[in-house]
Amino acid sequence: MHYRSRTYRIFSVFNIVFLLVLSAICIMPLIHILAVSFSSPAPANANLVRFWPVDFTVSAWEQTFGNQNFLRALWNGVFRTFLGTVISLVTITLAAYALSKEDREFKGRKMYMYALVFVMLFNGGLIPTYILVQNLGLINTIWALVLPGAVNVFNLILLLNFFRTGVPKSLEEAAFIDGAGHFQILFKIYLPISLPALATVGLFTMVGQWNSWFDGLIYLTDSTKYPLSTFLQTIIVQNDFSQLNVNPDEVKALSERTVRSAQIFIGALPIIIVYPFLQKYFVKGIVLGSVKE
Amino acid sequence: MKRNWPLHVLVMPAILLAIVFNYIPLGGIIMAFQEYKPWFGFAGSEWVGFEHFQRIFAFSEGRQVIWNTLVISSFKIVFQLVIPIMFALLLNEVRVMALKRSIQTLVYLPHFLSWVILGGILLDLLSVDGGLVNQVLASIGINPIFFLGDGDWFRVTVIASDVWKDFGFSAIVFLAALAGINPSLYEAAVVDGANRFQQVLYITLPALLPITIVVATLALGNILNAGFDQIFNLYNPLVYDKGDIIDTYVYRQGLIGGNFSYATAVGLFKSVIAFILIVIGYRLAYKYANYRIF
């Protein structure tokens, strides 16, 4: 067999080493940031920190969690993620159930489907959408963040393909004969069977909500309402403190390199925490849900 | 027996949200043909026909932005196709399952972090005075590189960091295709005396062709999307000439500069071309690889 040959074994060793180096490159930046956040400001500013804290201290983390602006943004982010995920998940689950039916069972399915897919491919663009949100009076409200993107058509298609392939038709037929309606079928048969699929789509939605920053930047003029991603965007990426009405000392503390690193890491932390759960499902989910025979 | 109306009720929330937030803004597109003034509204603003569209090409800035977009996204498309395939092929040779899983876990992670987080990290890592990357380069005798302040290096950085973020995740579909290859093909090849390299060349690569065509054709629809989130979080006025793309230009002209009509015209130009390309892409993917989305 080929894998017993000498050249293949040599290749194999090099291959594994190469892939391990590659995977290290994918997480090393995060480890570096973590190390900086636990180092003292002096070695951090002198660029002495690599992948292990120098002169270990938790003061950057204390300063971060002692900062009212940061805590408020963190709470806004958590709340936005929760509300956005619930609205989005409920909407697309209901729609995906109906749209998973065959054309002959559900007259109008095709029309709805085309209407939704069109949305995925073509939109009015940034300015018309902004003007609409403004005219609806949603500026500076959380609704401007959670409603416009609630119908994620990609997730909807993932879920509807799951419903089609994962739920046995015979189970559904039997329930119909016993007199169940669509709502009962959805809640008593589809949802329990599709828990892994719902978990996948739910986690995708959560990650999307947590990571969203641009909508906060344009739709919220009151920086105290910024979710964490938008807050981090303005103070870490744009380095712009003018939006936040903070006193100069606080600005100095927030722009410290070690504090910046702690903030970045906290921004990534929820993702790192849900990631193991996410990973369990998404590979199968993507492949099953996206490609249909 | 089975009534239809509950199904209509179930799709309604999604359809209503789509009508309000996606279809109504389509009406706002008319401002691309007007000199839109917010205080006059759509009804009171003056009509100017295709003037704004002509301005896109009359301005050297407009042409430059379209060119930047094409350059950056073409390179991204090519590398996001070639590197994930190579990675999938190499990972497929790892026989130790635990090792394979660990590698996968690590390389998928960056995909889920936002460009705000990664932007913050890259600004730190790539800084010209003592960022970690420049420290490593210095240790092998290379002068510091101004990754985010020099136009050409900015493009390289954007393309490389995009590949870094997503190559693992993009490889998923190829790994799935590899898992689906019938093992008896390899056994037959072994009987015929093929070595591992020949097996890859004559069995694995041809088996990957259909999914590669799908990914490539679908990616072409995104050729005018060079990645707003990424560019926005990495660029600065120093690199506008080579790093400004259509989407960032629309933002700066429209929401920052107040040129609502011109920005909408630029956005519409992009959306129309992208829509046509995506439709063609889906048709081709359907025709040549029998791919459908729903």
# chains A, B, ... in the order shown; residues from 1 in each chain; ligands from 1

$ closest_atom_pairs --of "chain A" --to "chain B" --cutoff "6 Å" --atoms "only C-alpha atoms" --output "CSV"
residue,atom,partner,partner_atom,distance
A:Ser23,CA,B:Val107,CA,5.3
A:Cys26,CA,B:Val107,CA,5.6
A:Asn47,CA,B:Gly130,CA,6.0
A:Thr91,CA,B:Ala14,CA,5.6
A:Leu94,CA,B:Leu10,CA,5.1
A:Ala95,CA,B:Val11,CA,4.2
A:Ala98,CA,B:Leu7,CA,5.1
A:Gly124,CA,B:Leu26,CA,4.4
A:Gly125,CA,B:Gly267,CA,6.0
A:Pro128,CA,B:Gly28,CA,4.9
A:Thr129,CA,B:Pro25,CA,5.3
A:Pro148,CA,B:Phe21,CA,5.4
A:Val151,CA,B:Ala14,CA,6.0
A:Asn211,CA,B:Ser114,CA,5.3
A:Gln233,CA,B:Val116,CA,5.7
A:Val237,CA,B:Gly120,CA,5.7
A:Ile264,CA,B:Ile117,CA,5.8

$ select_by_dssp --residues "segment 195-259 of chain B" --states "helix (DSSP H, G or I)" --output "number ranges by chain"
B: 196-220, 228-234, 237-243, 246-256

$ write_last_selection --atoms "C-alpha atoms" --output "short mmCIF file (atom, residue, chain, number, x, y, z; two decimals), in the first residue's frame"
data_model
loop_
_atom_site.label_atom_id
_atom_site.label_comp_id
_atom_site.auth_asym_id
_atom_site.auth_seq_id
_atom_site.Cartn_x
_atom_site.Cartn_y
_atom_site.Cartn_z
CA ARG B 196 -0.20 8.37 -4.13
CA PHE B 197 0.69 11.35 -6.31
CA GLN B 198 -0.78 9.68 -9.40
CA GLN B 199 -3.92 8.84 -7.43
CA VAL B 200 -4.35 12.50 -6.51
CA LEU B 201 -3.76 13.56 -10.11
CA TYR B 202 -6.07 11.06 -11.78
CA ILE B 203 -8.77 10.41 -9.18
CA THR B 204 -8.92 13.13 -6.53
CA LEU B 205 -8.53 16.24 -8.66
CA PRO B 206 -11.08 15.18 -11.33
CA ALA B 207 -13.50 14.35 -8.49
CA LEU B 208 -13.10 17.87 -7.12
CA LEU B 209 -13.80 19.52 -10.47
CA PRO B 210 -17.61 19.90 -10.20
CA ILE B 211 -17.54 21.58 -6.77
CA THR B 212 -14.65 23.77 -7.92
CA ILE B 213 -16.75 24.96 -10.86
CA VAL B 214 -19.64 25.74 -8.53
CA VAL B 215 -17.48 27.71 -6.09
CA ALA B 216 -15.73 29.58 -8.91
CA THR B 217 -18.88 30.57 -10.77
CA LEU B 218 -20.62 31.69 -7.59
CA ALA B 219 -17.54 33.68 -6.57
CA LEU B 220 -17.59 35.56 -9.89
CA PHE B 228 -16.37 46.23 2.91
CA ASP B 229 -15.88 45.16 6.53
CA GLN B 230 -12.26 44.27 6.03
CA ILE B 231 -11.21 47.31 4.02
CA PHE B 232 -13.16 49.70 6.24
CA ASN B 233 -11.43 48.44 9.37
CA LEU B 234 -7.94 48.43 7.89
CA PRO B 237 -6.38 58.19 4.08
CA LEU B 238 -2.81 57.18 3.17
CA VAL B 239 -4.04 54.25 1.08
CA TYR B 240 -7.30 55.58 -0.36
CA ASP B 241 -5.77 55.71 -3.85
CA LYS B 242 -5.12 51.96 -3.99
CA GLY B 243 -7.35 50.60 -1.26
CA ILE B 246 -16.84 50.69 -4.37
CA ASP B 247 -18.55 50.00 -1.03
CA THR B 248 -16.22 52.14 1.07
CA TYR B 249 -16.45 54.87 -1.57
CA VAL B 250 -20.27 54.78 -1.39
CA TYR B 251 -20.07 55.15 2.39
CA ARG B 252 -17.68 58.09 2.27
CA GLN B 253 -19.44 59.88 -0.57
CA GLY B 254 -22.96 59.23 0.72
CA LEU B 255 -23.19 59.09 4.48
CA ILE B 256 -20.07 61.12 5.23
#

$ atom_distance --atom1 "atom CA of Ala43 of chain B" --atom2 "atom CA of Val133 of chain A"
18.4 Å

$ atom_distance --atom1 "atom CA of Tyr282 of chain B" --atom2 "atom CA of Val158 of chain B"
27.4 Å

$ atom_distance --atom1 "atom CA of Pro41 of chain A" --atom2 "atom CA of Glu256 of chain A"
7.4 Å

$ residues_around --residues "Asp249 of chain A" --least-positions-apart "6" --cutoff "12 Å" --atoms "only C-alpha atoms" --output "list in words"
Gln63, Asn67, Phe241, Ser255 and Glu256 of chain A

$ closest_atom_pairs --of "segment 44-119 of chain A" --to "segment 220-231 of chain A" --cutoff "8 Å" --atoms "only C-alpha atoms" --output "Markdown table"
| residue | atom | partner | partner_atom | distance |
| --- | --- | --- | --- | --- |
| A:Asn69 | CA | A:Thr224 | CA | 7.3 |
| A:Phe70 | CA | A:Leu228 | CA | 7.5 |
| A:Arg72 | CA | A:Thr224 | CA | 7.2 |
| A:Ala73 | CA | A:Leu228 | CA | 4.6 |
| A:Leu74 | CA | A:Leu228 | CA | 5.0 |
| A:Trp75 | CA | A:Pro227 | CA | 7.4 |
| A:Asn76 | CA | A:Pro227 | CA | 4.6 |
| A:Gly77 | CA | A:Pro227 | CA | 4.0 |
| A:Val78 | CA | A:Pro227 | CA | 7.8 |
| A:Arg80 | CA | A:Pro227 | CA | 7.2 |

$ write_last_selection --atoms "all heavy atoms" --output "PDB file, in the first residue's frame"
ATOM      1  N   ASN A  69     -18.296  53.024  30.368  1.00  0.00           N
ATOM      2  CA  ASN A  69     -18.613  53.018  28.933  1.00  0.00           C
ATOM      3  C   ASN A  69     -18.487  51.623  28.344  1.00  0.00           C
ATOM      4  O   ASN A  69     -19.318  51.188  27.564  1.00  0.00           O
ATOM      5  CB  ASN A  69     -17.677  53.970  28.183  1.00  0.00           C
ATOM      6  CG  ASN A  69     -17.976  55.406  28.503  1.00  0.00           C
ATOM      7  OD1 ASN A  69     -19.108  55.861  28.355  1.00  0.00           O
ATOM      8  ND2 ASN A  69     -16.978  56.121  28.995  1.00  0.00           N
ATOM      9  N   PHE A  70     -17.406  50.953  28.755  1.00  0.00           N
ATOM     10  CA  PHE A  70     -17.195  49.605  28.237  1.00  0.00           C
ATOM     11  C   PHE A  70     -18.292  48.667  28.714  1.00  0.00           C
ATOM     12  O   PHE A  70     -18.857  47.898  27.930  1.00  0.00           O
ATOM     13  CB  PHE A  70     -15.818  49.083  28.673  1.00  0.00           C
ATOM     14  CG  PHE A  70     -15.515  47.720  28.124  1.00  0.00           C
ATOM     15  CD1 PHE A  70     -14.944  47.572  26.877  1.00  0.00           C
ATOM     16  CD2 PHE A  70     -15.810  46.573  28.869  1.00  0.00           C
ATOM     17  CE1 PHE A  70     -14.695  46.321  26.356  1.00  0.00           C
ATOM     18  CE2 PHE A  70     -15.556  45.313  28.355  1.00  0.00           C
ATOM     19  CZ  PHE A  70     -14.995  45.186  27.095  1.00  0.00           C
ATOM     20  N   ARG A  72     -21.315  49.337  29.648  1.00  0.00           N
ATOM     21  CA  ARG A  72     -22.587  49.633  29.009  1.00  0.00           C
ATOM     22  C   ARG A  72     -22.628  49.056  27.590  1.00  0.00           C
ATOM     23  O   ARG A  72     -23.601  48.450  27.169  1.00  0.00           O
ATOM     24  CB  ARG A  72     -22.809  51.149  28.975  1.00  0.00           C
ATOM     25  CG  ARG A  72     -24.237  51.543  28.667  1.00  0.00           C
ATOM     26  CD  ARG A  72     -24.456  53.012  28.914  1.00  0.00           C
ATOM     27  NE  ARG A  72     -23.336  53.773  28.376  1.00  0.00           N
ATOM     28  CZ  ARG A  72     -22.852  54.871  28.921  1.00  0.00           C
ATOM     29  NH1 ARG A  72     -23.372  55.367  30.007  1.00  0.00           N
ATOM     30  NH2 ARG A  72     -21.838  55.501  28.363  1.00  0.00           N
ATOM     31  N   ALA A  73     -21.505  49.240  26.855  1.00  0.00           N
ATOM     32  CA  ALA A  73     -21.440  48.706  25.498  1.00  0.00           C
ATOM     33  C   ALA A  73     -21.541  47.174  25.513  1.00  0.00           C
ATOM     34  O   ALA A  73     -22.209  46.572  24.660  1.00  0.00           O
ATOM     35  CB  ALA A  73     -20.139  49.135  24.818  1.00  0.00           C
ATOM     36  N   LEU A  74     -20.896  46.563  26.507  1.00  0.00           N
ATOM     37  CA  LEU A  74     -20.958  45.109  26.630  1.00  0.00           C
ATOM     38  C   LEU A  74     -22.400  44.655  26.831  1.00  0.00           C
ATOM     39  O   LEU A  74     -22.894  43.733  26.166  1.00  0.00           O
ATOM     40  CB  LEU A  74     -20.090  44.663  27.818  1.00  0.00           C
ATOM     41  CG  LEU A  74     -19.953  43.162  28.084  1.00  0.00           C
ATOM     42  CD1 LEU A  74     -19.265  42.482  26.909  1.00  0.00           C
ATOM     43  CD2 LEU A  74     -19.147  42.910  29.354  1.00  0.00           C
ATOM     44  N   TRP A  75     -23.108  45.338  27.718  1.00  0.00           N
ATOM     45  CA  TRP A  75     -24.511  44.994  27.974  1.00  0.00           C
ATOM     46  C   TRP A  75     -25.360  45.223  26.715  1.00  0.00           C
ATOM     47  O   TRP A  75     -26.183  44.372  26.350  1.00  0.00           O
ATOM     48  CB  TRP A  75     -25.041  45.803  29.164  1.00  0.00           C
ATOM     49  CG  TRP A  75     -26.537  45.826  29.227  1.00  0.00           C
ATOM     50  CD1 TRP A  75     -27.350  46.890  29.036  1.00  0.00           C
ATOM     51  CD2 TRP A  75     -27.389  44.696  29.455  1.00  0.00           C
ATOM     52  NE1 TRP A  75     -28.659  46.502  29.122  1.00  0.00           N
ATOM     53  CE2 TRP A  75     -28.719  45.158  29.373  1.00  0.00           C
ATOM     54  CE3 TRP A  75     -27.159  43.336  29.691  1.00  0.00           C
ATOM     55  CZ2 TRP A  75     -29.825  44.333  29.538  1.00  0.00           C
ATOM     56  CZ3 TRP A  75     -28.258  42.497  29.854  1.00  0.00           C
ATOM     57  CH2 TRP A  75     -29.560  42.985  29.774  1.00  0.00           C
ATOM     58  N   ASN A  76     -25.151  46.375  26.047  1.00  0.00           N
ATOM     59  CA  ASN A  76     -25.884  46.643  24.810  1.00  0.00           C
ATOM     60  C   ASN A  76     -25.660  45.530  23.788  1.00  0.00           C
ATOM     61  O   ASN A  76     -26.584  45.112  23.094  1.00  0.00           O
ATOM     62  CB  ASN A  76     -25.432  47.964  24.176  1.00  0.00           C
ATOM     63  CG  ASN A  76     -25.846  49.169  24.995  1.00  0.00           C
ATOM     64  OD1 ASN A  76     -26.717  49.058  25.855  1.00  0.00           O
ATOM     65  ND2 ASN A  76     -25.220  50.307  24.758  1.00  0.00           N
ATOM     66  N   GLY A  77     -24.415  45.081  23.717  1.00  0.00           N
ATOM     67  CA  GLY A  77     -24.084  44.019  22.755  1.00  0.00           C
ATOM     68  C   GLY A  77     -24.799  42.726  23.093  1.00  0.00           C
ATOM     69  O   GLY A  77     -25.342  42.058  22.210  1.00  0.00           O
ATOM     70  N   VAL A  78     -24.799  42.368  24.374  1.00  0.00           N
ATOM     71  CA  VAL A  78     -25.456  41.130  24.803  1.00  0.00           C
ATOM     72  C   VAL A  78     -26.959  41.215  24.519  1.00  0.00           C
ATOM     73  O   VAL A  78     -27.555  40.296  23.950  1.00  0.00           O
ATOM     74  CB  VAL A  78     -25.207  40.869  26.308  1.00  0.00           C
ATOM     75  CG1 VAL A  78     -26.085  39.738  26.819  1.00  0.00           C
ATOM     76  CG2 VAL A  78     -23.741  40.549  26.551  1.00  0.00           C
ATOM     77  N   ARG A  80     -28.585  43.184  22.383  1.00  0.00           N
ATOM     78  CA  ARG A  80     -28.848  43.214  20.948  1.00  0.00           C
ATOM     79  C   ARG A  80     -28.742  41.796  20.368  1.00  0.00           C
ATOM     80  O   ARG A  80     -29.561  41.390  19.535  1.00  0.00           O
ATOM     81  CB  ARG A  80     -27.811  44.146  20.304  1.00  0.00           C
ATOM     82  CG  ARG A  80     -27.908  44.264  18.813  1.00  0.00           C
ATOM     83  CD  ARG A  80     -26.721  43.630  18.121  1.00  0.00           C
ATOM     84  NE  ARG A  80     -27.075  43.399  16.720  1.00  0.00           N
ATOM     85  CZ  ARG A  80     -26.731  44.196  15.729  1.00  0.00           C
ATOM     86  NH1 ARG A  80     -26.006  45.239  15.946  1.00  0.00           N
ATOM     87  NH2 ARG A  80     -27.109  43.910  14.501  1.00  0.00           N
TER      88      ARG A  80
END

$ residues_around --residues "Arg164 of chain A" --least-positions-apart "5" --cutoff "9 Å" --atoms "only C-alpha atoms" --output "list in words"
Tyr97, Ser100, Lys101, Leu159 and Lys169 of chain A

$ closest_residue --among "B:Asn134, B:Gln54, B:Gln34, B:Ser73" --to "Arg155 of chain B" --atoms "only C-alpha atoms"
B:Ser73

$ closest_residue --among "B:Ala179, B:Ala171, B:Ile142, B:Ile280" --to "Gln80 of chain B" --atoms "only C-alpha atoms"
B:Ala171

$ decode --residues "segment 87-119 of chain B" --atoms "N, CA and C atoms" --output "short mmCIF file (atom, residue, chain, number, x, y, z; two decimals), in the first residue's frame"
data_model
loop_
_atom_site.label_atom_id
_atom_site.label_comp_id
_atom_site.auth_asym_id
_atom_site.auth_seq_id
_atom_site.Cartn_x
_atom_site.Cartn_y
_atom_site.Cartn_z
N PHE B 87 -5.09 23.05 0.71
CA PHE B 87 -5.20 22.71 2.13
C PHE B 87 -6.04 21.45 2.32
N ALA B 88 -7.17 21.36 1.60
CA ALA B 88 -8.03 20.19 1.73
C ALA B 88 -7.30 18.92 1.29
N LEU B 89 -6.54 19.03 0.19
CA LEU B 89 -5.79 17.86 -0.29
C LEU B 89 -4.75 17.41 0.74
N LEU B 90 -4.04 18.37 1.31
CA LEU B 90 -3.02 18.01 2.30
C LEU B 90 -3.66 17.44 3.56
N LEU B 91 -4.76 18.07 4.01
CA LEU B 91 -5.41 17.59 5.23
C LEU B 91 -5.98 16.19 5.02
N ASN B 92 -6.39 15.93 3.80
CA ASN B 92 -6.95 14.63 3.47
C ASN B 92 -5.92 13.50 3.60
N GLU B 93 -4.64 13.88 3.56
CA GLU B 93 -3.59 12.87 3.69
C GLU B 93 -3.28 12.55 5.15
N VAL B 94 -3.84 13.34 6.07
CA VAL B 94 -3.58 13.07 7.49
C VAL B 94 -4.48 11.92 7.93
N ARG B 95 -3.83 10.83 8.38
CA ARG B 95 -4.61 9.64 8.70
C ARG B 95 -5.03 9.58 10.18
N VAL B 96 -4.32 10.36 11.02
CA VAL B 96 -4.63 10.33 12.46
C VAL B 96 -5.82 11.25 12.71
N MET B 97 -6.97 10.65 13.04
CA MET B 97 -8.20 11.43 13.12
C MET B 97 -8.13 12.57 14.14
N ALA B 98 -7.55 12.28 15.33
CA ALA B 98 -7.51 13.30 16.38
C ALA B 98 -6.72 14.52 15.90
N LEU B 99 -5.64 14.26 15.20
CA LEU B 99 -4.80 15.33 14.68
C LEU B 99 -5.55 16.14 13.63
N LYS B 100 -6.25 15.42 12.76
CA LYS B 100 -7.01 16.06 11.70
C LYS B 100 -8.06 16.99 12.29
N ARG B 101 -8.77 16.48 13.31
CA ARG B 101 -9.80 17.28 13.98
C ARG B 101 -9.21 18.53 14.60
N SER B 102 -8.07 18.37 15.30
CA SER B 102 -7.47 19.53 15.98
C SER B 102 -7.08 20.60 14.97
N ILE B 103 -6.48 20.16 13.87
CA ILE B 103 -6.07 21.13 12.85
C ILE B 103 -7.30 21.88 12.33
N GLN B 104 -8.37 21.12 12.05
CA GLN B 104 -9.59 21.75 11.56
C GLN B 104 -10.13 22.78 12.54
N THR B 105 -10.18 22.39 13.81
CA THR B 105 -10.70 23.31 14.84
C THR B 105 -9.95 24.63 14.83
N LEU B 106 -8.62 24.56 14.73
CA LEU B 106 -7.83 25.78 14.79
C LEU B 106 -8.00 26.63 13.54
N VAL B 107 -8.03 26.03 12.36
CA VAL B 107 -8.05 26.86 11.15
C VAL B 107 -9.43 27.45 10.86
N TYR B 108 -10.48 26.86 11.40
CA TYR B 108 -11.81 27.45 11.16
C TYR B 108 -12.06 28.69 12.01
N LEU B 109 -11.39 28.77 13.16
CA LEU B 109 -11.73 29.82 14.13
C LEU B 109 -11.74 31.25 13.58
N PRO B 110 -10.68 31.68 12.84
CA PRO B 110 -10.67 33.09 12.43
C PRO B 110 -11.90 33.49 11.61
N HIS B 111 -12.49 32.53 10.92
CA HIS B 111 -13.66 32.84 10.10
C HIS B 111 -14.78 33.47 10.92
N PHE B 112 -14.88 33.05 12.20
CA PHE B 112 -16.01 33.49 13.01
C PHE B 112 -15.75 34.80 13.76
N LEU B 113 -14.52 35.28 13.71
CA LEU B 113 -14.22 36.55 14.36
C LEU B 113 -14.50 37.69 13.38
N SER B 114 -14.98 38.81 13.91
CA SER B 114 -15.35 39.89 13.00
C SER B 114 -14.11 40.68 12.59
N TRP B 115 -14.27 41.46 11.51
CA TRP B 115 -13.15 42.28 11.05
C TRP B 115 -12.84 43.41 12.02
N VAL B 116 -13.75 43.71 12.94
CA VAL B 116 -13.41 44.70 13.97
C VAL B 116 -12.34 44.12 14.89
N ILE B 117 -12.60 42.88 15.35
CA ILE B 117 -11.64 42.20 16.22
C ILE B 117 -10.33 41.97 15.47
N LEU B 118 -10.44 41.39 14.28
CA LEU B 118 -9.22 41.09 13.52
C LEU B 118 -8.52 42.37 13.09
N GLY B 119 -9.31 43.41 12.78
CA GLY B 119 -8.72 44.70 12.43
C GLY B 119 -7.90 45.23 13.60
#
